[in-house]
Amino acid sequence: MLKKGSKLNSILTGSCPKCQSESMYEDTNPLNLAKVLKMNDHCSHCGFKYLIEPSFFYGAMYVSYALNVAVGVAAFIVSFVFFGSTIEQSFLAIIITLVVLFPFVLRLSRNLYINMFVSYDPKAGKH
């Protein structure tokens, strides 16, 4: 399903966007909140430096905002339309959903952002 070389593979697995051989993160578990943003400096397989320029991942905040809006709208629709909840219950469902999904959305936004600028190179890391 997720074959090496596709953007989707790198985005969903958090692997190096250049070679897709290893994770960009020190801890692959996004639920370890102490290390959710801790990234390796570079890929040990291909040598790609993840922090392309100073403050590079500040741009991921815009991606995170868009993802959180989409998740919030989806939570509202599911709660209000499909479950028939009140407005108050629906907004509580949005808040709970956003809090629970926070580490996943945070990592996904970084993965999406770096993959906007870096493409897979099948020759990366081969000497």
# chains A, B, ... in the order shown; residues from 1 in each chain; ligands from 1

$ residues_around --residues "segment 103-120 of chain A" --least-positions-apart "6" --cutoff "6 Å" --atoms "only C-alpha atoms" --output "number ranges by chain"
A: 5, 11, 14, 17-19, 30, 60, 63-64

$ select_by_dssp --residues "chain A" --states "strand (DSSP E or B)" --output "number ranges by chain"
A: 15, 23, 25, 39, 42, 49

$ residues_around --residues "Val71 of chain A" --least-positions-apart "5" --cutoff "12 Å" --atoms "only C-alpha atoms" --output "JSON, numbers by chain"
{"A": [64, 65, 66, 76, 77, 78, 93, 94, 95, 96, 97, 98, 99, 100, 101, 102, 104, 105]}

$ select_by_dssp --residues "segment 44-104 of chain A" --states "alpha helix (DSSP H)" --output "ChimeraX atom specification"
/A:60-77,87-104

$ decode --residues "segment 78-110 of chain A" --atoms "N, CA, C and O atoms" --output "PDB file, in the first residue's frame"
ATOM      1  N   VAL A  78     -19.633  14.990  12.587  1.00  0.00           N
ATOM      2  CA  VAL A  78     -19.928  13.649  13.108  1.00  0.00           C
ATOM      3  C   VAL A  78     -20.796  13.754  14.359  1.00  0.00           C
ATOM      4  O   VAL A  78     -21.798  13.045  14.500  1.00  0.00           O
ATOM      5  N   SER A  79     -20.434  14.638  15.262  1.00  0.00           N
ATOM      6  CA  SER A  79     -21.167  14.775  16.514  1.00  0.00           C
ATOM      7  C   SER A  79     -22.566  15.355  16.308  1.00  0.00           C
ATOM      8  O   SER A  79     -23.551  14.814  16.809  1.00  0.00           O
ATOM      9  N   PHE A  80     -22.645  16.438  15.573  1.00  0.00           N
ATOM     10  CA  PHE A  80     -23.920  17.161  15.431  1.00  0.00           C
ATOM     11  C   PHE A  80     -24.866  16.479  14.444  1.00  0.00           C
ATOM     12  O   PHE A  80     -26.048  16.292  14.741  1.00  0.00           O
ATOM     13  N   VAL A  81     -24.356  16.111  13.295  1.00  0.00           N
ATOM     14  CA  VAL A  81     -25.217  15.562  12.248  1.00  0.00           C
ATOM     15  C   VAL A  81     -25.505  14.079  12.458  1.00  0.00           C
ATOM     16  O   VAL A  81     -26.661  13.648  12.432  1.00  0.00           O
ATOM     17  N   PHE A  82     -24.457  13.292  12.680  1.00  0.00           N
ATOM     18  CA  PHE A  82     -24.656  11.842  12.747  1.00  0.00           C
ATOM     19  C   PHE A  82     -25.140  11.359  14.109  1.00  0.00           C
ATOM     20  O   PHE A  82     -25.906  10.416  14.199  1.00  0.00           O
ATOM     21  N   PHE A  83     -24.662  11.988  15.201  1.00  0.00           N
ATOM     22  CA  PHE A  83     -25.072  11.556  16.536  1.00  0.00           C
ATOM     23  C   PHE A  83     -26.189  12.421  17.126  1.00  0.00           C
ATOM     24  O   PHE A  83     -26.711  12.124  18.189  1.00  0.00           O
ATOM     25  N   GLY A  84     -26.532  13.522  16.473  1.00  0.00           N
ATOM     26  CA  GLY A  84     -27.623  14.360  16.940  1.00  0.00           C
ATOM     27  C   GLY A  84     -27.335  15.073  18.251  1.00  0.00           C
ATOM     28  O   GLY A  84     -28.246  15.344  19.026  1.00  0.00           O
ATOM     29  N   SER A  85     -26.082  15.386  18.521  1.00  0.00           N
ATOM     30  CA  SER A  85     -25.711  16.066  19.759  1.00  0.00           C
ATOM     31  C   SER A  85     -26.150  17.528  19.719  1.00  0.00           C
ATOM     32  O   SER A  85     -26.400  18.094  18.661  1.00  0.00           O
ATOM     33  N   THR A  86     -26.203  18.129  20.901  1.00  0.00           N
ATOM     34  CA  THR A  86     -26.494  19.558  20.968  1.00  0.00           C
ATOM     35  C   THR A  86     -25.254  20.331  20.530  1.00  0.00           C
ATOM     36  O   THR A  86     -24.170  19.760  20.402  1.00  0.00           O
ATOM     37  N   ILE A  87     -25.400  21.637  20.346  1.00  0.00           N
ATOM     38  CA  ILE A  87     -24.258  22.479  19.960  1.00  0.00           C
ATOM     39  C   ILE A  87     -23.162  22.400  21.024  1.00  0.00           C
ATOM     40  O   ILE A  87     -21.978  22.266  20.698  1.00  0.00           O
ATOM     41  N   GLU A  88     -23.547  22.476  22.290  1.00  0.00           N
ATOM     42  CA  GLU A  88     -22.571  22.429  23.379  1.00  0.00           C
ATOM     43  C   GLU A  88     -21.815  21.101  23.373  1.00  0.00           C
ATOM     44  O   GLU A  88     -20.595  21.059  23.536  1.00  0.00           O
ATOM     45  N   GLN A  89     -22.531  20.009  23.202  1.00  0.00           N
ATOM     46  CA  GLN A  89     -21.902  18.683  23.158  1.00  0.00           C
ATOM     47  C   GLN A  89     -20.997  18.558  21.937  1.00  0.00           C
ATOM     48  O   GLN A  89     -19.932  17.942  22.013  1.00  0.00           O
ATOM     49  N   SER A  90     -21.408  19.159  20.844  1.00  0.00           N
ATOM     50  CA  SER A  90     -20.595  19.106  19.626  1.00  0.00           C
ATOM     51  C   SER A  90     -19.290  19.872  19.808  1.00  0.00           C
ATOM     52  O   SER A  90     -18.225  19.416  19.369  1.00  0.00           O
ATOM     53  N   PHE A  91     -19.353  21.043  20.445  1.00  0.00           N
ATOM     54  CA  PHE A  91     -18.125  21.796  20.684  1.00  0.00           C
ATOM     55  C   PHE A  91     -17.222  21.084  21.688  1.00  0.00           C
ATOM     56  O   PHE A  91     -16.001  21.120  21.565  1.00  0.00           O
ATOM     57  N   LEU A  92     -17.806  20.407  22.645  1.00  0.00           N
ATOM     58  CA  LEU A  92     -17.011  19.593  23.569  1.00  0.00           C
ATOM     59  C   LEU A  92     -16.341  18.446  22.803  1.00  0.00           C
ATOM     60  O   LEU A  92     -15.175  18.121  23.055  1.00  0.00           O
ATOM     61  N   ALA A  93     -17.057  17.872  21.850  1.00  0.00           N
ATOM     62  CA  ALA A  93     -16.478  16.805  21.018  1.00  0.00           C
ATOM     63  C   ALA A  93     -15.303  17.337  20.195  1.00  0.00           C
ATOM     64  O   ALA A  93     -14.281  16.649  20.047  1.00  0.00           O
ATOM     65  N   ILE A  94     -15.421  18.564  19.696  1.00  0.00           N
ATOM     66  CA  ILE A  94     -14.310  19.181  18.948  1.00  0.00           C
ATOM     67  C   ILE A  94     -13.095  19.328  19.844  1.00  0.00           C
ATOM     68  O   ILE A  94     -11.978  18.950  19.467  1.00  0.00           O
ATOM     69  N   ILE A  95     -13.292  19.864  21.031  1.00  0.00           N
ATOM     70  CA  ILE A  95     -12.175  20.094  21.955  1.00  0.00           C
ATOM     71  C   ILE A  95     -11.502  18.779  22.329  1.00  0.00           C
ATOM     72  O   ILE A  95     -10.272  18.664  22.284  1.00  0.00           O
ATOM     73  N   ILE A  96     -12.294  17.779  22.670  1.00  0.00           N
ATOM     74  CA  ILE A  96     -11.730  16.483  23.057  1.00  0.00           C
ATOM     75  C   ILE A  96     -10.976  15.856  21.882  1.00  0.00           C
ATOM     76  O   ILE A  96      -9.866  15.343  22.043  1.00  0.00           O
ATOM     77  N   THR A  97     -11.551  15.928  20.700  1.00  0.00           N
ATOM     78  CA  THR A  97     -10.903  15.362  19.507  1.00  0.00           C
ATOM     79  C   THR A  97      -9.568  16.047  19.229  1.00  0.00           C
ATOM     80  O   THR A  97      -8.562  15.385  18.961  1.00  0.00           O
ATOM     81  N   LEU A  98      -9.546  17.378  19.305  1.00  0.00           N
ATOM     82  CA  LEU A  98      -8.306  18.111  19.038  1.00  0.00           C
ATOM     83  C   LEU A  98      -7.236  17.824  20.083  1.00  0.00           C
ATOM     84  O   LEU A  98      -6.054  17.707  19.746  1.00  0.00           O
ATOM     85  N   VAL A  99      -7.622  17.692  21.330  1.00  0.00           N
ATOM     86  CA  VAL A  99      -6.646  17.386  22.385  1.00  0.00           C
ATOM     87  C   VAL A  99      -6.082  15.974  22.202  1.00  0.00           C
ATOM     88  O   VAL A  99      -4.870  15.757  22.305  1.00  0.00           O
ATOM     89  N   VAL A 100      -6.949  15.024  21.906  1.00  0.00           N
ATOM     90  CA  VAL A 100      -6.498  13.631  21.739  1.00  0.00           C
ATOM     91  C   VAL A 100      -5.605  13.481  20.509  1.00  0.00           C
ATOM     92  O   VAL A 100      -4.590  12.780  20.542  1.00  0.00           O
ATOM     93  N   LEU A 101      -5.950  14.159  19.424  1.00  0.00           N
ATOM     94  CA  LEU A 101      -5.198  14.016  18.175  1.00  0.00           C
ATOM     95  C   LEU A 101      -4.016  14.983  18.040  1.00  0.00           C
ATOM     96  O   LEU A 101      -3.302  14.950  17.045  1.00  0.00           O
ATOM     97  N   PHE A 102      -3.806  15.844  19.034  1.00  0.00           N
ATOM     98  CA  PHE A 102      -2.755  16.849  18.979  1.00  0.00           C
ATOM     99  C   PHE A 102      -1.383  16.302  18.554  1.00  0.00           C
ATOM    100  O   PHE A 102      -0.788  16.823  17.612  1.00  0.00           O
ATOM    101  N   PRO A 103      -0.835  15.262  19.212  1.00  0.00           N
ATOM    102  CA  PRO A 103       0.511  14.817  18.797  1.00  0.00           C
ATOM    103  C   PRO A 103       0.553  14.264  17.376  1.00  0.00           C
ATOM    104  O   PRO A 103       1.543  14.433  16.662  1.00  0.00           O
ATOM    105  N   PHE A 104      -0.520  13.646  16.933  1.00  0.00           N
ATOM    106  CA  PHE A 104      -0.563  13.096  15.577  1.00  0.00           C
ATOM    107  C   PHE A 104      -0.628  14.207  14.534  1.00  0.00           C
ATOM    108  O   PHE A 104       0.056  14.160  13.512  1.00  0.00           O
ATOM    109  N   VAL A 105      -1.460  15.218  14.799  1.00  0.00           N
ATOM    110  CA  VAL A 105      -1.591  16.349  13.870  1.00  0.00           C
ATOM    111  C   VAL A 105      -0.288  17.139  13.827  1.00  0.00           C
ATOM    112  O   VAL A 105       0.143  17.584  12.757  1.00  0.00           O
ATOM    113  N   LEU A 106       0.359  17.275  14.977  1.00  0.00           N
ATOM    114  CA  LEU A 106       1.621  18.003  15.045  1.00  0.00           C
ATOM    115  C   LEU A 106       2.686  17.343  14.163  1.00  0.00           C
ATOM    116  O   LEU A 106       3.341  18.006  13.355  1.00  0.00           O
ATOM    117  N   ARG A 107       2.834  16.042  14.299  1.00  0.00           N
ATOM    118  CA  ARG A 107       3.810  15.325  13.470  1.00  0.00           C
ATOM    119  C   ARG A 107       3.398  15.301  12.003  1.00  0.00           C
ATOM    120  O   ARG A 107       4.224  15.471  11.116  1.00  0.00           O
ATOM    121  N   LEU A 108       2.130  15.074  11.757  1.00  0.00           N
ATOM    122  CA  LEU A 108       1.646  15.032  10.378  1.00  0.00           C
ATOM    123  C   LEU A 108       1.882  16.357   9.671  1.00  0.00           C
ATOM    124  O   LEU A 108       2.262  16.387   8.500  1.00  0.00           O
ATOM    125  N   SER A 109       1.704  17.461  10.383  1.00  0.00           N
ATOM    126  CA  SER A 109       1.926  18.768   9.770  1.00  0.00           C
ATOM    127  C   SER A 109       3.394  18.962   9.411  1.00  0.00           C
ATOM    128  O   SER A 109       3.714  19.497   8.359  1.00  0.00           O
ATOM    129  N   ARG A 110       4.299  18.521  10.274  1.00  0.00           N
ATOM    130  CA  ARG A 110       5.738  18.607   9.947  1.00  0.00           C
ATOM    131  C   ARG A 110       6.074  17.718   8.756  1.00  0.00           C
ATOM    132  O   ARG A 110       6.840  18.101   7.881  1.00  0.00           O
TER     133      ARG A 110
END
